[in-house]
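Source file: entry_9.cif. Holds: mmCIF, C-alpha atoms.
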```cif
data_run
#
loop_
_atom_site.label_atom_id
_atom_site.label_comp_id
_atom_site.auth_asym_id
_atom_site.auth_seq_id
_atom_site.Cartn_x
_atom_site.Cartn_y
_atom_site.Cartn_z
CA MET A 30 184.32 204.88 107.04
CA ARG A 31 181.23 203.50 105.27
CA SER A 32 182.88 203.47 101.83
CA ASP A 33 185.96 201.68 103.23
CA ASN A 34 183.76 199.10 104.87
CA LEU A 35 181.83 198.52 101.66
CA SER A 36 185.04 198.01 99.71
CA TRP A 37 185.94 195.24 102.13
CA ALA A 38 182.52 193.69 102.62
CA GLY A 39 179.94 195.08 100.26
CA THR A 40 178.18 194.32 97.02
CA PRO A 41 180.53 192.71 94.45
CA GLN A 42 180.44 193.54 90.75
CA ASP A 43 180.89 189.97 89.48
CA PHE A 44 181.01 186.40 90.70
CA ILE A 45 183.33 183.75 89.29
CA LEU A 46 181.58 180.44 88.60
CA LEU A 47 184.26 177.76 88.68
CA GLY A 48 182.21 174.91 87.26
CA VAL A 49 184.82 172.36 86.20
CA SER A 50 187.53 174.90 85.36
CA ASP A 51 189.71 173.10 87.92
CA ARG A 52 189.35 170.05 85.64
CA PRO A 53 189.89 171.62 82.18
CA TRP A 54 189.94 168.23 80.43
CA LEU A 55 186.24 167.85 81.34
CA GLU A 56 185.02 171.15 79.94
CA LEU A 57 184.63 170.21 76.27
CA SER A 58 182.91 166.89 76.93
CA LEU A 59 180.63 168.43 79.57
CA PHE A 60 179.82 171.31 77.20
CA MET A 61 178.69 168.84 74.53
CA VAL A 62 176.68 166.78 77.03
CA LEU A 63 174.94 169.89 78.39
CA LEU A 64 174.19 171.19 74.90
CA VAL A 65 172.64 167.90 73.75
CA THR A 66 170.80 167.52 77.06
CA TYR A 67 169.39 171.04 76.83
CA VAL A 68 168.16 170.57 73.25
CA LEU A 69 166.54 167.22 74.09
CA SER A 70 164.98 168.66 77.24
CA MET A 71 163.52 171.57 75.29
CA LEU A 72 162.13 169.26 72.59
CA GLY A 73 160.69 166.78 75.09
CA ASN A 74 158.99 169.35 77.31
CA VAL A 75 157.68 171.43 74.40
CA THR A 76 156.22 168.23 72.93
CA ILE A 77 154.40 167.41 76.19
CA ILE A 78 153.02 170.96 76.37
CA LEU A 79 151.81 170.86 72.77
CA LEU A 80 150.21 167.43 73.21
CA SER A 81 148.43 168.53 76.39
CA ARG A 82 147.13 171.68 74.69
CA LEU A 83 146.25 170.36 71.23
CA ASP A 84 145.09 166.77 71.65
CA PRO A 85 141.38 166.58 72.59
CA GLN A 86 141.95 163.29 74.45
CA LEU A 87 144.52 164.84 76.80
CA GLN A 88 142.29 167.42 78.46
CA SER A 89 141.88 165.77 81.86
CA PRO A 90 143.24 167.48 85.02
CA MET A 91 146.25 165.15 85.05
CA TYR A 92 147.47 166.60 81.76
CA VAL A 93 146.78 170.16 82.90
CA PHE A 94 149.23 169.55 85.73
CA LEU A 95 151.62 167.69 83.44
CA SER A 96 151.78 170.61 81.00
CA HIS A 97 152.62 172.97 83.86
CA LEU A 98 155.31 170.56 85.09
CA SER A 99 156.83 170.54 81.60
CA PHE A 100 156.70 174.33 81.45
CA LEU A 101 158.46 174.49 84.82
CA ASP A 102 161.18 172.12 83.61
CA LEU A 103 161.54 174.19 80.45
CA CYS A 104 162.10 177.35 82.50
CA TYR A 105 164.27 175.49 85.02
CA THR A 106 166.88 174.45 82.46
CA THR A 107 166.74 177.80 80.64
CA THR A 108 167.53 179.59 83.91
CA THR A 109 170.84 177.77 84.31
CA VAL A 110 172.09 175.89 81.23
CA PRO A 111 172.66 178.81 78.78
CA GLN A 112 174.85 180.58 81.35
CA MET A 113 176.78 177.34 81.94
CA LEU A 114 177.36 176.90 78.21
CA VAL A 115 178.56 180.51 77.82
CA ASN A 116 181.00 180.11 80.72
CA MET A 117 182.35 176.79 79.46
CA GLY A 118 182.91 178.27 76.02
CA SER A 119 184.72 181.32 77.38
CA SER A 120 187.88 182.01 79.32
CA ARG A 121 185.89 184.36 81.61
CA LYS A 122 183.78 182.31 84.02
CA THR A 123 181.86 185.25 85.44
CA ILE A 124 178.30 186.34 86.08
CA SER A 125 177.26 189.79 87.24
CA TYR A 126 175.88 190.34 90.73
CA GLY A 127 172.51 191.29 89.23
CA GLY A 128 172.53 188.27 86.92
CA CYS A 129 173.40 186.01 89.83
CA THR A 130 170.54 187.44 91.91
CA VAL A 131 168.04 186.95 89.09
CA GLN A 132 169.31 183.41 88.53
CA TYR A 133 168.92 182.16 92.10
CA ALA A 134 165.62 184.03 92.48
CA LEU A 135 164.15 182.27 89.43
CA PHE A 136 165.77 178.96 90.34
CA HIS A 137 164.20 178.88 93.80
CA TRP A 138 160.86 180.16 92.53
CA LEU A 139 160.66 177.40 89.93
CA GLY A 140 161.99 174.72 92.29
CA CYS A 141 159.49 175.51 95.02
CA THR A 142 156.65 175.68 92.50
CA GLU A 143 157.64 172.26 91.14
CA CYS A 144 157.48 170.77 94.65
CA LEU A 145 153.88 171.97 94.96
CA VAL A 146 152.88 170.95 91.42
CA LEU A 147 154.08 167.41 92.14
CA ALA A 148 151.90 167.45 95.27
CA THR A 149 148.85 168.57 93.27
CA MET A 150 149.50 165.75 90.80
CA ALA A 151 149.46 163.30 93.74
CA LEU A 152 146.14 164.81 94.85
CA ASP A 153 144.77 164.27 91.34
CA ARG A 154 145.83 160.60 91.35
CA PHE A 155 144.35 160.11 94.84
CA VAL A 156 140.95 161.46 93.78
CA ALA A 157 141.03 159.51 90.47
CA ILE A 158 141.65 156.15 92.21
CA CYS A 159 139.97 156.59 95.60
CA GLU A 160 136.96 158.66 94.45
CA PRO A 161 136.50 157.64 90.80
CA LEU A 162 132.75 158.32 90.68
CA ARG A 163 133.20 161.87 92.00
CA TYR A 164 136.45 162.61 90.14
CA ALA A 165 134.91 164.93 87.52
CA LEU A 166 132.91 166.75 90.21
CA ILE A 167 135.88 167.26 92.55
CA MET A 168 138.73 167.89 90.08
CA HIS A 169 136.91 170.32 87.84
CA ARG A 170 138.92 172.54 85.51
CA ALA A 171 138.46 175.72 87.57
CA LEU A 172 139.87 174.01 90.67
CA CYS A 173 142.87 172.74 88.67
CA HIS A 174 143.71 176.25 87.50
CA GLN A 175 143.26 177.61 91.03
CA LEU A 176 145.63 174.97 92.42
CA VAL A 177 148.22 175.79 89.75
CA ALA A 178 147.90 179.50 90.51
CA VAL A 179 148.44 178.85 94.24
CA THR A 180 151.61 176.83 93.50
CA TRP A 181 153.09 179.63 91.37
CA VAL A 182 152.23 182.37 93.89
CA SER A 183 153.58 180.29 96.81
CA GLY A 184 156.81 179.60 94.94
CA PHE A 185 157.20 183.29 94.23
CA GLY A 186 156.67 184.11 97.91
CA ASN A 187 159.41 181.68 98.92
CA SER A 188 161.80 183.16 96.37
CA LEU A 189 160.99 186.71 97.47
CA VAL A 190 161.92 185.93 101.09
CA GLN A 191 165.14 184.18 100.04
CA VAL A 192 166.21 187.05 97.79
CA ALA A 193 165.36 189.72 100.38
CA LEU A 194 167.62 188.04 102.94
CA THR A 195 170.43 187.04 100.58
CA VAL A 196 170.92 190.45 98.93
CA GLN A 197 171.67 191.92 102.36
CA LEU A 198 174.67 189.63 102.86
CA PRO A 199 178.11 191.23 102.51
CA PHE A 200 180.78 189.39 100.52
CA CYS A 201 184.47 189.68 101.27
CA GLY A 202 187.55 189.17 99.13
CA ARG A 203 187.48 187.26 95.85
CA GLN A 204 183.92 186.26 94.91
CA VAL A 205 184.39 182.66 93.75
CA LEU A 206 181.45 180.23 93.63
CA ASN A 207 182.51 176.62 93.24
CA ASN A 208 179.34 175.90 91.31
CA PHE A 209 177.86 175.90 87.80
CA PHE A 210 175.29 178.57 88.66
CA CYS A 211 174.12 180.75 91.55
CA GLU A 212 172.19 179.10 94.39
CA VAL A 213 171.17 180.41 97.81
CA PRO A 214 173.16 177.84 99.88
CA ALA A 215 176.32 178.66 97.90
CA MET A 216 175.73 182.39 98.39
CA ILE A 217 175.24 181.95 102.14
CA LYS A 218 178.42 179.89 102.33
CA LEU A 219 180.35 182.64 100.52
CA SER A 220 179.25 185.49 102.80
CA CYS A 221 181.61 186.78 105.49
CA ALA A 222 178.78 187.87 107.83
CA ASP A 223 176.82 186.00 110.48
CA THR A 224 174.34 183.92 108.45
CA ALA A 225 172.35 182.40 111.34
CA VAL A 226 169.13 184.13 110.23
CA ASN A 227 169.66 183.01 106.62
CA ASP A 228 170.38 179.44 107.74
CA ALA A 229 167.29 179.29 109.94
CA THR A 230 165.03 180.86 107.30
CA LEU A 231 166.28 178.53 104.59
CA ALA A 232 165.78 175.50 106.85
CA GLY A 233 162.26 176.62 107.75
CA LEU A 234 161.25 177.28 104.15
CA VAL A 235 162.78 173.99 103.01
CA GLY A 236 160.79 172.19 105.70
CA PHE A 237 157.58 173.89 104.62
CA PHE A 238 157.94 173.77 100.84
CA LEU A 239 159.93 170.54 100.46
CA LEU A 240 159.05 168.21 103.31
CA LEU A 241 155.35 169.05 103.68
CA PRO A 242 154.55 168.43 99.99
CA LEU A 243 156.61 165.23 100.14
CA ALA A 244 154.71 164.09 103.25
CA PHE A 245 151.43 164.83 101.44
CA ILE A 246 152.60 162.83 98.40
CA LEU A 247 153.59 159.85 100.55
CA LEU A 248 150.28 159.99 102.45
CA SER A 249 148.34 160.17 99.18
CA TYR A 250 150.13 157.14 97.77
CA GLY A 251 149.70 155.24 101.01
CA LEU A 252 145.93 155.73 100.71
CA ILE A 253 146.10 154.92 96.99
CA ALA A 254 147.97 151.66 97.70
CA ARG A 255 145.34 150.68 100.28
CA ALA A 256 142.56 151.37 97.79
CA VAL A 257 144.29 149.51 94.96
CA LEU A 258 144.89 146.42 97.09
CA ARG A 259 141.15 146.21 97.62
CA ILE A 260 140.58 145.86 93.87
CA ARG A 261 139.84 142.20 93.16
CA SER A 262 140.91 142.22 89.51
CA ALA A 263 144.65 141.84 88.88
CA THR A 264 144.22 143.80 85.64
CA GLY A 265 142.50 146.61 87.54
CA ARG A 266 145.31 146.73 90.08
CA ARG A 267 147.96 146.88 87.36
CA LYS A 268 146.09 149.65 85.57
CA ALA A 269 145.73 151.68 88.78
CA PHE A 270 149.39 151.29 89.70
CA GLY A 271 150.36 152.07 86.10
CA THR A 272 148.68 155.49 86.27
CA CYS A 273 150.81 156.37 89.31
CA SER A 274 154.19 154.84 88.44
CA SER A 275 155.37 157.66 86.16
CA HIS A 276 154.58 160.28 88.78
CA LEU A 277 156.37 158.31 91.50
CA VAL A 278 159.51 158.03 89.36
CA VAL A 279 159.47 161.79 88.68
CA VAL A 280 158.93 162.54 92.39
CA SER A 281 161.93 160.36 93.29
CA LEU A 282 164.19 162.01 90.71
CA PHE A 283 163.29 165.48 91.96
CA TYR A 284 162.99 165.04 95.71
CA LEU A 285 165.90 162.74 96.57
CA PRO A 286 168.73 165.04 95.37
CA ALA A 287 166.85 168.15 96.58
CA ILE A 288 166.47 166.70 100.08
CA TYR A 289 170.16 165.74 100.20
CA MET A 290 171.05 169.23 99.00
CA TYR A 291 168.88 171.38 101.23
CA LEU A 292 168.44 169.44 104.47
CA GLN A 293 172.05 169.93 105.48
CA PRO A 294 172.79 173.25 107.25
CA PRO A 295 174.01 175.87 104.73
CA SER A 296 176.99 176.59 107.00
CA HIS A 297 178.12 172.99 106.41
CA TYR A 298 177.30 173.10 102.72
CA SER A 299 179.97 171.50 100.50
CA GLN A 300 180.21 173.38 97.21
CA GLU A 301 182.16 170.54 95.59
CA GLN A 302 179.41 168.00 96.24
CA GLY A 303 176.58 170.48 95.89
CA LYS A 304 177.44 171.63 92.39
CA PHE A 305 177.09 168.15 90.88
CA ILE A 306 173.88 167.43 92.80
CA SER A 307 172.50 170.77 91.58
CA LEU A 308 173.52 169.82 88.05
CA PHE A 309 171.52 166.60 88.33
CA TYR A 310 168.18 168.02 89.45
CA SER A 311 168.43 171.17 87.33
CA VAL A 312 169.50 169.46 84.08
CA ILE A 313 169.01 165.68 84.16
CA THR A 314 165.61 165.57 85.87
CA PRO A 315 163.94 168.04 83.43
CA LEU A 316 165.38 165.94 80.58
CA LEU A 317 164.02 162.64 81.91
CA ASN A 318 160.53 163.82 82.94
CA PRO A 319 158.95 164.07 79.45
CA PHE A 320 160.48 160.75 78.39
CA ILE A 321 159.22 159.03 81.54
CA TYR A 322 155.67 160.23 80.87
CA THR A 323 155.92 159.43 77.15
CA LEU A 324 157.35 155.95 77.50
CA ARG A 325 155.17 154.85 80.43
CA ASN A 326 151.87 156.45 79.41
CA LYS A 327 149.82 154.87 76.62
CA GLU A 328 147.60 157.93 76.18
CA VAL A 329 150.60 160.22 75.67
CA LYS A 330 152.19 157.76 73.23
CA LYS A 331 148.95 157.58 71.22
CA ALA A 332 148.65 161.37 71.23
CA LEU A 333 152.26 161.67 70.05
CA ALA A 334 151.58 159.17 67.25
CA ARG A 335 148.52 161.18 66.18
CA LEU A 336 150.51 164.44 66.18
CA LEU A 337 153.37 162.93 64.17
CA GLY A 338 150.83 161.47 61.75
CA GLN A 339 149.26 164.88 61.23
CA ILE A 340 152.67 166.45 60.65
CA TRP A 341 153.58 163.69 58.18
CA ARG A 342 150.36 164.20 56.21
CA LEU A 343 150.94 167.94 56.06
CA CYS A 344 154.48 167.35 54.75
CA GLN A 345 153.14 165.04 52.04
CA ARG A 346 150.86 167.70 50.60
#
```
File written out as structure tokens:
Amino acid sequence: MRSDNLSWAGTPQDFILLGVSDRPWLELSLFMVLLVTYVLSMLGNVTIILLSRLDPQLQSPMYVFLSHLSFLDLCYTTTTVPQMLVNMGSSRKTISYGGCTVQYALFHWLGCTECLVLATMALDRFVAICEPLRYALIMHRALCHQLVAVTWVSGFGNSLVQVALTVQLPFCGRQVLNNFFCEVPAMIKLSCADTAVNDATLAGLVGFFLLLPLAFILLSYGLIARAVLRIRSATGRRKAFGTCSSHLVVVSLFYLPAIYMYLQPPSHYSQEQGKFISLFYSVITPLLNPFIYTLRNKEVKKALARLLGQIWRLCQR
């Protein structure tokens, strides 16, 4: 009886990831776009990490957090894009059950950690602008590393809970995910069991790890705006707002699609809409982040110029 039941609703061997296979004329162009995007994202984020580690003028807490954000984006795209490229270049659009589990476990770990890293970056900007005289005392290097460690451990805890609940779900019939990669909402939608516990847990964790950090970020910038408006010098106000603008753009690019994606009940989750939203914040956002910080940050641009100059001089020898 148990073996018959498992054959009907048990652990599948493989999942089919449809991607855009229902629109075959898009596959080649999307493959090329994803390949170029992935290469540029890797180059951009590796450059930010190298600059933050090697340049002596980029050793402030802000760049510690920025290097971790770039590392997260690097891992984020590597978790999903290579599998997408393999599937688009093959007639078999499959991923193993184990591979799927690892993919959504890493994806949710990294995504949750990024939410918290963005909140720590807002804290850093708040202290820098509202408590400038005590900035070095408050945001010392040990505290920065402790905050980063907490974000990684918290993200892992969220992922562990999600995986523990999702692997218990039975799947019936043909295992087809109308997505580019494996995600928890898509897995819940595919299950043939009662997913009320999964829905409630996902909603609770989303509220805690997505909305609370966002509320903290908005509160921090509300206090920052109040402090900046008290600055009498127009130049001082522009400089203060300039140090925050890049972070605000990155927060918007990450949080807006994530909120749209995860605040709807998983039982009402639309795989058709969800797969393109997932594609945006898992591929496009990690690509844009390093360019936003490079183009809008004079210190990063100067550090990049110094690094390129050093490379040029080495090539001339």
- Message: Which residues, named as in the file, does the PyMOL selection byres ((chain A and resi 218-229) around 6) pick out? Answer as a VMD selection string.
- Response: chain A and resid 199 to 201 215 to 217 230 to 232 295 to 296
- Could you tell me which residues the PyMOL selection byres ((chain A and resi 283) around 9) returns for this structure, as a ChimeraX atom specification? /A:143-144,278-282,284-288,310-311,314-315
Let me see the file: selected residues, C-alpha atoms, as a PDB file, in the frame of the given file.
```pdb
ATOM      1  CA  GLU A 143     157.640 172.260  91.140  1.00  0.00           C
ATOM      2  CA  CYS A 144     157.480 170.770  94.650  1.00  0.00           C
ATOM      3  CA  VAL A 278     159.510 158.030  89.360  1.00  0.00           C
ATOM      4  CA  VAL A 279     159.470 161.790  88.680  1.00  0.00           C
ATOM      5  CA  VAL A 280     158.930 162.540  92.390  1.00  0.00           C
ATOM      6  CA  SER A 281     161.930 160.360  93.290  1.00  0.00           C
ATOM      7  CA  LEU A 282     164.190 162.010  90.710  1.00  0.00           C
ATOM      8  CA  TYR A 284     162.990 165.040  95.710  1.00  0.00           C
ATOM      9  CA  LEU A 285     165.900 162.740  96.570  1.00  0.00           C
ATOM     10  CA  PRO A 286     168.730 165.040  95.370  1.00  0.00           C
ATOM     11  CA  ALA A 287     166.850 168.150  96.580  1.00  0.00           C
ATOM     12  CA  ILE A 288     166.470 166.700 100.080  1.00  0.00           C
ATOM     13  CA  TYR A 310     168.180 168.020  89.450  1.00  0.00           C
ATOM     14  CA  SER A 311     168.430 171.170  87.330  1.00  0.00           C
ATOM     15  CA  THR A 314     165.610 165.570  85.870  1.00  0.00           C
ATOM     16  CA  PRO A 315     163.940 168.040  83.430  1.00  0.00           C
TER      17      PRO A 315
END
```
- Do a neighbour search on Met61 (chain A) at 9 Å with all atoms listed in the file, toss out local chain neighbours closer than 5 positions, and write the hits as an NGL selection string. :A and (56 or 66 or 114)
Return the padded bounding box of region 117-133 of chain A as JSON: axis-aligned, built from all atoms listed in the file, 8 Å added on each side, with centre and edge lengths in Å to one decimal.
```
{"center_x": 178.0, "center_y": 184.0, "center_z": 84.1, "size_x": 35.8, "size_y": 30.5, "size_z": 32.1}
```
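Among A:Cys211, A:Leu63, A:Met113, A:Leu57, the residue with the shortest atom-to-atom distance to Val131 (chain A), counting only C-alpha atoms, is A:Cys211.
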- Task: Check which residues satisfy the PyMOL selection byres ((chain A and resi 275) around 12) in the file shown, then give them as a PyMOL selection string.
- Result: chain A and resi 91+95+147+150-151+154+269-274+276-282+317-327+329
- Item | Residues within 6 Å of region 179-188 of chain A, only C-alpha atoms, excluding chain neighbours under 5 positions, as a VMD selection string | chain A and resid 134 137 to 138 141 to 142 145
Keeping only C-alpha atoms, write those residues as a compact mmCIF listing (two decimals), keeping the file's coordinate frame.
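This went into again_22.txt:
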```txt
# COMPACT_ATOMS: atom_id res chain seq x y z
CA ALA A 134 165.62 184.03 92.48
CA HIS A 137 164.20 178.88 93.80
CA TRP A 138 160.86 180.16 92.53
CA CYS A 141 159.49 175.51 95.02
CA THR A 142 156.65 175.68 92.50
CA LEU A 145 153.88 171.97 94.96
```
- Message: Set the distance at 8 Å and use all atoms listed in the file: which residues neighbour Phe210 (chain A) once local chain neighbours fewer than 5 positions away are removed? I'd like the list as a ChimeraX atom specification.
- Response: /A:46,48,109,112-113,129,132
- Note on the structure: From the list A:Lys330, A:Met117, A:Leu72, A:Pro90, the nearest residue to Leu152 (chain A) using all atoms listed in the file is A:Pro90
- Message: Report as a list in words all protein, DNA and RNA residues lying within 6 Å of region 73-84 of chain A, evaluated on only C-alpha atoms, omitting residues in the same chain fewer than 3 positions from it.
- Response: Leu69, Ser70, Leu87, Tyr92, Ser96, Ser99 and Pro319 of chain A
So that I have them on file, write out the residues from the current selection with C-alpha atoms, as a PDB file, in the frame of the given file.
```
ATOM      1  CA  LEU A  69     166.540 167.220  74.090  1.00  0.00           C
ATOM      2  CA  SER A  70     164.980 168.660  77.240  1.00  0.00           C
ATOM      3  CA  LEU A  87     144.520 164.840  76.800  1.00  0.00           C
ATOM      4  CA  TYR A  92     147.470 166.600  81.760  1.00  0.00           C
ATOM      5  CA  SER A  96     151.780 170.610  81.000  1.00  0.00           C
ATOM      6  CA  SER A  99     156.830 170.540  81.600  1.00  0.00           C
ATOM      7  CA  PRO A 319     158.950 164.070  79.450  1.00  0.00           C
TER       8      PRO A 319
END
```
- Compare A:Tyr133, A:Tyr126, A:Trp341, A:Phe60 by their minimum atom-to-atom distance to Val213 (chain A), counting all atoms listed in the file, and give me the closest one.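 Distance minimum relative to Val213 (chain A) lands on A:Tyr133.
Here CA of Thr149 (chain A) is placed at a distance of 27.5 Å from CA of Leu336 (chain A).
For the pair CA of Cys104 (chain A) and CA of Leu198 (chain A), the separation is 26.9 Å.
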- Message: Please compute the CA of Thr107 (chain A)-CA of Ser89 (chain A) distance, one decimal, in Å.
- Response: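 Distance reported for this atom pair: 27.6 Å.
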- Item | For Gln42 (chain A), the nearest of the candidates A:Arg335, A:Ser125, A:Gln197, A:Phe238, counting all atoms listed in the file |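 Of A:Arg335, A:Ser125, A:Gln197, A:Phe238, the one nearest Gln42 (chain A) is A:Ser125, counting all atoms listed in the file.
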- Item | Nearest candidate to Leu239 (chain A) (options A:Ala193, A:Leu172, A:Val156, A:Gly140; using all atoms listed in the file) |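 Looking at the shortest contact to Leu239 (chain A), the residue is A:Gly140.
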- Task: Mind checking which residues fall within 8 Å of Val312 (chain A), counting all atoms listed in the file, ignoring those fewer than 4 positions away in the same chain, and posting them as a PyMOL selection string?
- Result: chain A and resi 63+66-67+106+110+308+316
